[in-house]
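Peer 1: My structure is stored as target-v7.txt, with compact mmCIF, C-alpha atoms and all ligand atoms.
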# COMPACT_ATOMS: atom_id res chain seq x y z
CA MET A 3 -18.91 4.45 5.99
CA LYS A 4 -19.45 0.95 7.37
CA ALA A 5 -16.39 -1.30 7.20
CA LYS A 6 -16.29 -4.56 5.33
CA GLN A 7 -15.81 -7.81 7.27
CA GLY A 8 -12.52 -7.99 9.22
CA VAL A 9 -11.05 -4.75 7.85
CA VAL A 10 -11.10 -2.77 11.10
CA ASP A 11 -9.45 -5.67 12.96
CA LEU A 12 -6.66 -5.77 10.41
CA LEU A 13 -6.23 -2.00 10.51
CA ASN A 14 -5.96 -2.16 14.29
CA LYS A 15 -3.34 -4.88 13.96
CA ILE A 16 -1.37 -2.63 11.60
CA LEU A 17 -1.85 0.30 13.99
CA THR A 18 -0.35 -1.74 16.85
CA GLU A 19 2.72 -2.49 14.72
CA GLU A 20 3.06 1.13 13.63
CA LEU A 21 2.88 2.35 17.24
CA THR A 22 5.51 -0.23 18.19
CA VAL A 23 7.98 0.77 15.49
CA ILE A 24 7.50 4.48 16.17
CA ASN A 25 8.82 3.77 19.67
CA GLN A 26 11.60 1.42 18.57
CA TYR A 27 12.95 3.73 15.87
CA PHE A 28 12.62 6.82 18.06
CA LEU A 29 14.65 5.15 20.81
CA HIS A 30 17.25 3.91 18.31
CA ALA A 31 17.52 7.43 16.88
CA LYS A 32 18.07 8.92 20.33
CA MET A 33 20.70 6.27 21.14
CA CYS A 34 22.53 7.17 17.91
CA LYS A 35 22.40 10.83 18.88
CA ASN A 36 23.79 9.98 22.30
CA TRP A 37 26.68 8.06 20.68
CA GLY A 38 27.42 11.10 18.49
CA TYR A 39 26.21 9.54 15.22
CA ASP A 40 24.34 12.57 14.05
CA ARG A 41 23.68 11.51 10.47
CA LEU A 42 22.19 8.21 11.59
CA PHE A 43 20.15 10.01 14.20
CA HIS A 44 18.47 12.18 11.56
CA HIS A 45 17.76 9.23 9.25
CA VAL A 46 16.30 7.01 11.94
CA GLN A 47 14.32 9.84 13.50
CA SER A 48 12.72 10.70 10.18
CA ARG A 49 11.84 7.01 9.68
CA SER A 50 10.12 7.13 13.08
CA TYR A 51 8.20 10.23 11.94
CA SER A 52 7.15 8.54 8.72
CA GLU A 53 5.68 5.66 10.76
CA MET A 54 3.85 8.27 12.83
CA LYS A 55 2.24 9.55 9.63
CA ASP A 56 1.24 5.97 8.80
CA ALA A 57 -0.31 5.61 12.25
CA GLU A 58 -2.23 8.86 11.68
CA SER A 59 -3.58 7.65 8.31
CA ILE A 60 -4.64 4.34 9.87
CA ILE A 61 -6.37 6.08 12.78
CA ASP A 62 -8.20 8.47 10.43
CA HIS A 63 -9.24 5.59 8.22
CA ILE A 64 -10.53 3.42 11.09
CA LEU A 65 -12.65 6.36 12.27
CA TYR A 66 -13.90 6.91 8.70
CA LEU A 67 -14.97 3.25 8.69
CA GLU A 68 -16.83 3.90 11.96
CA GLY A 69 -14.45 1.69 13.93
CA LEU A 70 -12.50 2.45 17.08
CA PRO A 71 -8.70 2.79 16.83
CA ASN A 72 -6.97 0.70 19.48
CA MET A 73 -4.25 2.86 21.05
CA GLN A 74 -3.80 0.56 24.05
CA ARG A 75 -1.86 -2.25 22.45
CA LEU A 76 1.87 -2.23 21.83
CA GLY A 77 4.03 -5.01 20.37
CA THR A 78 7.54 -5.92 21.49
CA VAL A 79 10.08 -3.12 21.11
CA LYS A 80 13.38 -4.80 20.12
CA VAL A 81 16.25 -2.62 21.29
CA GLY A 82 19.61 -3.06 19.57
CA GLU A 83 22.59 -2.23 21.76
CA THR A 84 24.87 -1.50 18.80
CA VAL A 85 24.22 0.18 15.45
CA PRO A 86 24.28 -3.11 13.47
CA GLU A 87 21.94 -4.69 16.02
CA GLN A 88 19.59 -1.72 15.68
CA LEU A 89 19.63 -1.96 11.89
CA LYS A 90 18.89 -5.68 11.99
CA ALA A 91 16.09 -5.29 14.54
CA ASP A 92 14.53 -2.50 12.45
CA LEU A 93 14.87 -4.53 9.26
CA GLN A 94 12.97 -7.39 10.85
CA LYS A 95 10.15 -5.02 11.87
CA GLU A 96 9.96 -3.59 8.34
CA LYS A 97 9.77 -7.07 6.83
CA ASP A 98 7.07 -8.12 9.30
CA MET A 99 5.15 -4.97 8.40
CA VAL A 100 5.33 -5.65 4.67
CA LYS A 101 4.03 -9.18 5.32
CA LEU A 102 1.14 -7.86 7.43
CA LEU A 103 0.30 -5.16 4.87
CA SER A 104 0.42 -7.67 2.00
CA ASP A 105 -1.89 -10.09 3.83
CA SER A 106 -4.23 -7.19 4.58
CA ILE A 107 -4.25 -6.10 0.93
CA VAL A 108 -5.25 -9.64 -0.07
CA HIS A 109 -8.07 -9.53 2.50
CA CYS A 110 -9.30 -6.12 1.29
CA THR A 111 -9.41 -7.42 -2.27
CA LYS A 112 -11.40 -10.45 -1.13
CA VAL A 113 -14.04 -8.36 0.68
CA GLY A 114 -14.08 -5.65 -1.98
CA ASP A 115 -12.64 -2.75 0.07
CA PHE A 116 -10.61 -0.98 -2.60
CA THR A 117 -10.17 2.31 -0.72
CA THR A 118 -8.38 0.59 2.16
CA ARG A 119 -6.44 -1.55 -0.28
CA HIS A 120 -5.18 1.52 -2.09
CA MET A 121 -4.05 3.16 1.17
CA LEU A 122 -2.20 0.00 2.25
CA GLU A 123 -0.53 -0.32 -1.15
CA ASP A 124 0.91 3.18 -0.74
CA MET A 125 2.22 2.16 2.67
CA VAL A 126 3.94 -0.94 1.31
CA THR A 127 5.84 1.32 -1.09
CA ASP A 128 7.14 3.40 1.85
CA GLU A 129 8.10 0.32 3.88
CA ASP A 130 9.92 -1.09 0.86
CA GLU A 131 11.99 2.11 0.76
CA HIS A 132 12.77 1.69 4.47
CA ILE A 133 13.92 -1.88 3.84
CA ASP A 134 16.08 -0.73 0.93
CA TRP A 135 17.78 1.98 3.02
CA ILE A 136 18.52 -0.41 5.91
CA GLU A 137 19.84 -3.13 3.59
CA THR A 138 22.11 -0.56 1.96
CA GLN A 139 23.54 0.38 5.37
CA LEU A 140 24.19 -3.26 6.27
CA GLU A 141 25.86 -3.85 2.90
CA THR A 142 28.02 -0.73 3.29
CA ILE A 143 29.10 -1.91 6.75
CA LYS A 144 30.05 -5.26 5.22
CA GLN A 145 32.11 -3.55 2.51
CA VAL A 146 33.87 -0.72 4.37
CA GLY A 147 33.85 -2.13 7.90
CA LEU A 148 31.92 -0.92 10.92
CA GLU A 149 34.48 1.64 12.10
CA ASN A 150 34.68 3.36 8.74
CA TYR A 151 30.92 3.36 8.44
CA LEU A 152 30.41 4.82 11.90
CA SER A 153 33.05 7.49 11.45
CA GLU A 154 31.00 8.72 8.47
CA GLN A 155 27.95 9.04 10.71
CA ILE A 156 29.57 11.56 13.04
CA LYS A 157 28.57 15.12 12.30
CA LYS A 158 31.41 17.02 10.71
CA GLU A 159 32.15 20.54 11.95
CA GLU A 160 31.17 23.12 9.33
FE FE A 201 4.78 2.30 8.50
FE FE A 202 8.76 1.45 7.87
Since I need it in another form, could you write the structure as structure tokens?
Peer 2:
Amino acid sequence: MKAKQGVVDLLNKILTEELTVINQYFLHAKMCKNWGYDRLFHHVQSRSYSEMKDAESIIDHILYLEGLPNMQRLGTVKVGETVPEQLKADLQKEKDMVKLLSDSIVHCTKVGDFTTRHMLEDMVTDEDEHIDWIETQLETIKQVGLENYLSEQIKKEE
């Protein structure tokens, strides 16, 4: 199916951001694992995997629209050196993604591409959940203190 004006470009822009956050979250997850924060590791790793599924949907959809997915480009990976820094860096990426997806949804509506719009709307829902989870962590840290929070992230012996 031939793409409507500008849609493939926007999808490639989204793909670049997805590929970037896959890397950022995966690295953050591995750093958490290395610090011994096993629970955080699993959460952040699964967020990285969920972005990978987004990237797959975008790639499939670009090909369906007879476009070429751009796998060459990567945005800036922001590495946090502490858990709160990681959470804040990831939160910023999620917010940027919601902005990009929302702008793209507006564009799809304008050019009458409702299939792409529907796919992007589903993605916004997922990113909103990511934002909610990260904000909850930051709020918990504020309430119980970083040390208490982190001690809960260490895997308990069964
Ligand atoms: Fe995503
Ligand atoms: Fe996300």
Peer 1: List the neighbours of region 104-114 of chain A out to 7 Å using only C-alpha atoms; skip same-chain residues closer than 6 positions along the sequence, and give me the result as a list in words.
Peer 2: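 Here the qualifying residues turn out to be Lys6, Gln7, Val9, Leu12 and Leu122 of chain A.
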Peer 1: Write as a ChimeraX atom specification the residues around ligand FE 201 (chain A), taking 10 Å as the cut-off and counting all atoms listed in the file.
Peer 2: /A:16-17,19-21,23-24,49-57,59-60,95-96,99-100,103,122,125-130,132
Peer 1: Write a file of the selected residues as a PDB file, keeping the file's coordinate frame, keeping C-alpha atoms.
Peer 2:
ATOM      1  CA  ILE A  16      -1.370  -2.630  11.600  1.00  0.00           C
ATOM      2  CA  LEU A  17      -1.850   0.300  13.990  1.00  0.00           C
ATOM      3  CA  GLU A  19       2.720  -2.490  14.720  1.00  0.00           C
ATOM      4  CA  GLU A  20       3.060   1.130  13.630  1.00  0.00           C
ATOM      5  CA  LEU A  21       2.880   2.350  17.240  1.00  0.00           C
ATOM      6  CA  VAL A  23       7.980   0.770  15.490  1.00  0.00           C
ATOM      7  CA  ILE A  24       7.500   4.480  16.170  1.00  0.00           C
ATOM      8  CA  ARG A  49      11.840   7.010   9.680  1.00  0.00           C
ATOM      9  CA  SER A  50      10.120   7.130  13.080  1.00  0.00           C
ATOM     10  CA  TYR A  51       8.200  10.230  11.940  1.00  0.00           C
ATOM     11  CA  SER A  52       7.150   8.540   8.720  1.00  0.00           C
ATOM     12  CA  GLU A  53       5.680   5.660  10.760  1.00  0.00           C
ATOM     13  CA  MET A  54       3.850   8.270  12.830  1.00  0.00           C
ATOM     14  CA  LYS A  55       2.240   9.550   9.630  1.00  0.00           C
ATOM     15  CA  ASP A  56       1.240   5.970   8.800  1.00  0.00           C
ATOM     16  CA  ALA A  57      -0.310   5.610  12.250  1.00  0.00           C
ATOM     17  CA  SER A  59      -3.580   7.650   8.310  1.00  0.00           C
ATOM     18  CA  ILE A  60      -4.640   4.340   9.870  1.00  0.00           C
ATOM     19  CA  LYS A  95      10.150  -5.020  11.870  1.00  0.00           C
ATOM     20  CA  GLU A  96       9.960  -3.590   8.340  1.00  0.00           C
ATOM     21  CA  MET A  99       5.150  -4.970   8.400  1.00  0.00           C
ATOM     22  CA  VAL A 100       5.330  -5.650   4.670  1.00  0.00           C
ATOM     23  CA  LEU A 103       0.300  -5.160   4.870  1.00  0.00           C
ATOM     24  CA  LEU A 122      -2.200   0.000   2.250  1.00  0.00           C
ATOM     25  CA  MET A 125       2.220   2.160   2.670  1.00  0.00           C
ATOM     26  CA  VAL A 126       3.940  -0.940   1.310  1.00  0.00           C
ATOM     27  CA  THR A 127       5.840   1.320  -1.090  1.00  0.00           C
ATOM     28  CA  ASP A 128       7.140   3.400   1.850  1.00  0.00           C
ATOM     29  CA  GLU A 129       8.100   0.320   3.880  1.00  0.00           C
ATOM     30  CA  ASP A 130       9.920  -1.090   0.860  1.00  0.00           C
ATOM     31  CA  HIS A 132      12.770   1.690   4.470  1.00  0.00           C
TER      32      HIS A 132
END
Peer 1: Considering all atoms listed in the file, can you say which of A:Ile133, A:Leu67, A:Ala5, A:Leu76 comes closest to ligand FE 202 (chain A)?
Peer 2: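 The closest residue to ligand FE 202 (chain A) is A:Ile133.
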Peer 1: Counting all atoms listed in the file, figure out which residue out of A:Lys157, A:Arg75, A:His45, A:Arg119 gets nearest to ligand FE 202 (chain A).
Peer 2: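 Of all the options, A:His45 lies closest to ligand FE 202 (chain A).
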Peer 1: Of the candidates A:Glu68, A:Glu83, A:Glu149, A:Asp124, which shows the shortest atom-to-atom distance to ligand FE 202 (chain A), using only C-alpha atoms and all ligand atoms?
Peer 2: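 Once distances to ligand FE 202 (chain A) are computed over only C-alpha atoms and all ligand atoms, the minimum belongs to A:Asp124.
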Peer 1: Can you tell me, as an MDAnalysis selection string, what residues are no more than 10 Å from Ser48 (chain A) when counting only C-alpha atoms, ignoring any on the same chain fewer than 5 positions away?
Peer 2: chainID A and resid 27:28 31 42:43 53:54
